[in-house]
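Q: Below is one structure. I have some questions about it.
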Amino acid sequence: MKGPRADLPRYPIAQAIPPETLDAEVRTLQELGRRPVPARLWGYMKLGGPGFMGAALTLGAGSMTAAMLSGAEFGYKTMWLIWVAMGLGVFMLAVMVRFTARGGFRVIQEQNRRHGWIIGSLMTALVGCVAVAMIFNTGQVSLGTHLMESLAETIGFALPRWTAGIVYAVLTAWLALSYGRSGGRGTRLVESGMKACIALMLVAFGICLALVGINWGAALKGMFVPWLPPGGAGVDLFIASSAAAIGVMDWVFLHYAGLSRGWGRNHEVLGRFDIGMGLFLPFVVVNFLVIALFAGTFFSPGLEAPGTAPELARALAPLLGVRGAEILFYVGFLAVPVTSTVGMSLAGAMALHEALGWEPNVQSWRWKISILLPQIGFLGVWSDNPVWMVIAIAAFLSLSNNVVGWSMYLLFNDPAVMGADRARSYAWNVGILLQITLLNAIAIVYVMNRFGWWFQ
Amino acid sequence: MIQIDRRLGPWSLRVWGLILNLVGNALALFGLVRFVEEGAIGLLVLGAALTVACIAALALPSPIPPETVQEIDV
């Protein structure tokens, strides 16, 4: 049945956590299991973390731009895509939690062992995590520094973007470098910071939406009645939205963030709660708020809204009507790229170490340099994205994400890997395969576009 | 009952099923373009049917021998 690695030592970052702390956490979880649901949920909320980190990572410049444009262009009509996209992603995320809690392995290492280094170290780690973290962080820095500049202007002083860039880099680097330090307290600090930032997004966007107002009838219809623009544009939107919410970096980060917390067999229930309440719900609610904000202000048939996130943010802020709300909007929105940069830095560092066979040591120069690699995104102060690099990475991602998904599905269903803990639920496997099908669609549409076979 | 973990050549039927699913997805997407632009539905139906069949087969969990069942837990 299962291989001999069921008793692997803890992930190195988790080894700094005192055993008595982990034992106390297990006792708390067992006690929570006997308590009423409200008390149990609150307890899980306090103990959770990797799920919230995942939400913070996923809610970035790209997803926010998509939400803003969706609201401005289609009103409330495409809201249903939010929960469909994340809902499909939840099945694979639950697999990652199973790997963390019961696998007894580190997933990229296991991929290398079972499916080869091209799938493990190259596609999953180096392309899916490291390259994505380095290249796409320029977009986060660009958005973050634009927002800081606008915020400063609103408050009444000038902040040059290069200065904003330095502040942004120092803040995100400090947070990311804190992870794993001080016997696990650094990890909890970063997790708490991410939770606070998500709360800030929810409060800030919620207050702004209360000021702008919402057409509840249209919003509820948009949430539950599927609608797509006609023709190829609709198919493009469905495929891109459905597959883009959750990807390789999210899967890998959730797995290793759980390992960094020392999660084991007793933590699978907590891990599933963390996915639901820490990742799924915040993602859906924040996207709902942002789409509704822009649907309520910019959506008007025939009207062309600004095309980039900074332009959209600048255009929206004065419409809030109250200076305090403008400031709150910028602050809440600033939490988006900041948390994404921190998440990307951690995911990239974890993946780089796995790809190259290094043991992560947060005190080492290797770890610190790996954490800081995405800070090359500082170039985003002057340029939104290095276009040619984005195109190259996006091409490789489009053609490899589905293969990584196949690898995860195979590991999950392999008796030699998971033993009795392998997939036993038909419905769970259907969910995973639907996500894989969407990832396949991304790859196929990419090739069809290259050959001019897709909708023109 | 499909022996989904049986090996066929270099790979298991699961791997072949994933490849076949990819083929079905491609046929469905080509078929979608043809349906929207020309009204021809055949390729779309074929691709969709192949996709559904592959998912239905690939979703089968590997059977667990009775003597190794531990706690019943999804």
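Chain labels run A, B, ... following the order of the structure tokens; each chain numbers its residues from 1, and ligands are numbered from 1 in the order shown.
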Can you build me a table of chain B residues sitting at most 10 Å from chain A, with the closest atom pair per residue and its distance in Å to one decimal, using only C-alpha atoms, sorted by chain and residue number, as a tab-separated table?
A:
```
residue	atom	partner	partner_atom	distance
B:Asp5	CA	A:Asp414	CA	8.4
B:Ser12	CA	A:Leu410	CA	9.9
B:Arg14	CA	A:Leu410	CA	7.6
B:Val15	CA	A:Leu410	CA	7.8
B:Leu18	CA	A:Trp406	CA	7.2
B:Ile19	CA	A:Trp406	CA	9.5
B:Asn21	CA	A:Thr437	CA	7.6
B:Leu22	CA	A:Asn440	CA	6.3
B:Val23	CA	A:Asn440	CA	9.4
B:Gly24	CA	A:Thr437	CA	9.6
B:Asn25	CA	A:Ala441	CA	6.6
B:Ala26	CA	A:Ile444	CA	6.2
B:Leu27	CA	A:Ile444	CA	9.8
B:Ala28	CA	A:Ala441	CA	9.5
B:Leu29	CA	A:Ala441	CA	7.6
B:Phe30	CA	A:Trp454	CA	7.9
B:Leu32	CA	A:Gly232	CA	9.3
B:Val33	CA	A:Phe455	CA	6.5
B:Arg34	CA	A:Phe455	CA	9.5
B:Val36	CA	A:Gly231	CA	6.9
B:Glu37	CA	A:Phe455	CA	8.5
B:Thr51	CA	A:Thr437	CA	8.3
B:Val52	CA	A:Leu434	CA	9.7
B:Cys54	CA	A:Leu433	CA	9.3
B:Ile55	CA	A:Leu433	CA	6.3
B:Ala56	CA	A:Val430	CA	7.4
B:Ala57	CA	A:Val430	CA	9.6
B:Leu58	CA	A:Asn429	CA	7.7
B:Ala59	CA	A:Asn429	CA	4.7
B:Leu60	CA	A:Tyr426	CA	5.8
B:Pro61	CA	A:Arg424	CA	5.2
B:Ser62	CA	A:Asn413	CA	6.7
B:Pro63	CA	A:Arg424	CA	8.1
B:Ile64	CA	A:Ala420	CA	6.9
B:Pro65	CA	A:Ala420	CA	9.2
B:Thr68	CA	A:Ala420	CA	7.1
B:Val69	CA	A:Ala420	CA	6.7
B:Gln70	CA	A:Ala420	CA	7.2
B:Glu71	CA	A:Ala420	CA	9.2
B:Ile72	CA	A:Arg424	CA	9.3
B:Asp73	CA	A:Arg424	CA	8.2
B:Val74	CA	A:Arg424	CA	6.1
```
Q: Between A:Met408, A:Trp263, A:Phe333, A:Ala61, which residue has the minimum interatomic distance to A:Ile119, considering only C-alpha atoms?
A: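 Under the stated criterion, the closest residue is A:Met408.
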Q: So, counting only C-alpha atoms, which residue among A:Ala394, A:Leu189, A:Leu328, A:Ala55 is closest to A:Met344?
A: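 Counting only C-alpha atoms, the residue closest to A:Met344 is A:Ala55.
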Q: Take atom CA of A:Ile135 and atom CA of A:Ser370 and report the distance between them in Å, one decimal.
A: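 Taking atom CA of A:Ile135 as the start and atom CA of A:Ser370 as the end point, the length is 14.0 Å.
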Q: Skipping near chain neighbours, those fewer than 3 positions away, what residues fall within 10 Å of stretch 140-150 of chain A using only C-alpha atoms, listed as an mmCIF file with C-alpha atoms, in the first residue's frame?
A:
```
data_model
loop_
_atom_site.group_PDB
_atom_site.id
_atom_site.type_symbol
_atom_site.label_atom_id
_atom_site.label_comp_id
_atom_site.auth_asym_id
_atom_site.auth_seq_id
_atom_site.Cartn_x
_atom_site.Cartn_y
_atom_site.Cartn_z
ATOM 1 C CA GLY A 60 -4.508 40.691 -6.407
ATOM 2 C CA ALA A 61 -4.184 43.291 -9.119
ATOM 3 C CA GLY A 62 -5.333 40.850 -11.807
ATOM 4 C CA THR A 65 -8.941 44.550 -12.399
ATOM 5 C CA ILE A 135 6.989 38.521 -13.261
ATOM 6 C CA PHE A 136 3.468 39.187 -12.037
ATOM 7 C CA ASN A 137 4.613 41.080 -8.984
ATOM 8 C CA GLU A 153 -2.855 63.314 -3.170
ATOM 9 C CA THR A 154 -6.266 62.876 -1.524
ATOM 10 C CA ILE A 155 -4.811 63.481 1.930
ATOM 11 C CA GLY A 156 -3.016 66.557 0.639
ATOM 12 C CA PHE A 157 0.632 65.849 -0.056
ATOM 13 C CA ALA A 158 2.735 64.708 -2.979
ATOM 14 C CA LEU A 159 4.337 61.259 -2.949
ATOM 15 C CA PRO A 160 6.563 60.499 -5.938
ATOM 16 C CA ARG A 161 6.012 56.991 -7.237
ATOM 17 C CA TRP A 162 9.629 55.987 -6.749
ATOM 18 C CA THR A 163 9.315 56.906 -3.061
ATOM 19 C CA ALA A 164 6.074 54.966 -2.871
ATOM 20 C CA GLY A 165 7.919 52.064 -4.497
ATOM 21 C CA ILE A 166 10.565 52.049 -1.790
ATOM 22 C CA VAL A 167 7.953 52.152 0.989
ATOM 23 C CA TYR A 168 6.016 49.349 -0.713
ATOM 24 C CA ALA A 169 9.136 47.211 -1.134
ATOM 25 C CA THR A 308 -6.713 49.747 -15.951
ATOM 26 C CA ALA A 309 -7.084 49.263 -12.228
ATOM 27 C CA PRO A 310 -5.352 52.535 -11.238
ATOM 28 C CA GLU A 311 -7.480 54.501 -13.744
ATOM 29 C CA ALA A 313 -9.754 53.510 -8.883
ATOM 30 C CA ARG A 314 -8.994 57.162 -9.627
ATOM 31 C CA ALA A 317 -12.918 57.638 -5.670
ATOM 32 C CA GLU A 326 -12.182 58.117 -0.739
ATOM 33 C CA ILE A 327 -9.348 57.579 1.718
ATOM 34 C CA PHE A 329 -11.329 53.068 -0.535
ATOM 35 C CA TYR A 330 -7.648 53.676 -1.341
ATOM 36 C CA VAL A 331 -6.490 52.123 1.936
ATOM 37 C CA PHE A 333 -7.613 48.701 -2.133
ATOM 38 C CA LEU A 334 -3.936 49.069 -1.147
ATOM 39 C CA ALA A 335 -4.295 45.942 0.997
ATOM 40 C CA VAL A 336 -4.918 43.998 -2.243
ATOM 41 C CA PRO A 337 -1.492 44.283 -3.915
ATOM 42 C CA VAL A 338 0.410 44.347 -0.601
ATOM 43 C CA THR A 339 -0.954 40.969 0.516
ATOM 44 C CA SER A 340 -0.480 39.503 -2.947
ATOM 45 C CA THR A 341 3.169 40.531 -2.973
ATOM 46 C CA PRO A 374 9.837 39.096 -6.551
ATOM 47 C CA GLN A 375 10.942 42.567 -5.435
ATOM 48 C CA ILE A 376 12.285 42.842 -8.986
ATOM 49 C CA GLY A 377 8.698 43.981 -9.372
ATOM 50 C CA PHE A 378 10.016 47.370 -8.242
ATOM 51 C CA LEU A 379 10.337 47.916 -11.993
ATOM 52 C CA GLY A 380 6.538 48.195 -11.868
ATOM 53 C CA VAL A 381 7.005 51.729 -10.573
ATOM 54 C CA TRP A 382 7.948 52.726 -14.108
ATOM 55 C CA SER A 383 6.229 50.064 -16.178
ATOM 56 C CA ASP A 384 3.012 48.138 -15.475
ATOM 57 C CA ASN A 385 4.339 44.825 -16.748
#
```
Q: Go through B:Ala48, B:Trp16, B:Leu43, B:Ala53 one by one, measure the shortest atom-to-atom distance of each to B:Ile4 using only C-alpha atoms, and give the residue with the smallest value.
A: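 So, comparing all the options, the nearest one is B:Trp16.
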Q: Pick out the closest residue to A:Leu254 from this set: A:Arg98, A:His115, A:Arg323, A:Arg40. Count only C-alpha atoms.
A: A:Arg98
Q: State, in Å with one decimal place, the distance from atom CA of A:Val97 to atom CA of A:Ser260.
A: 12.5 Å
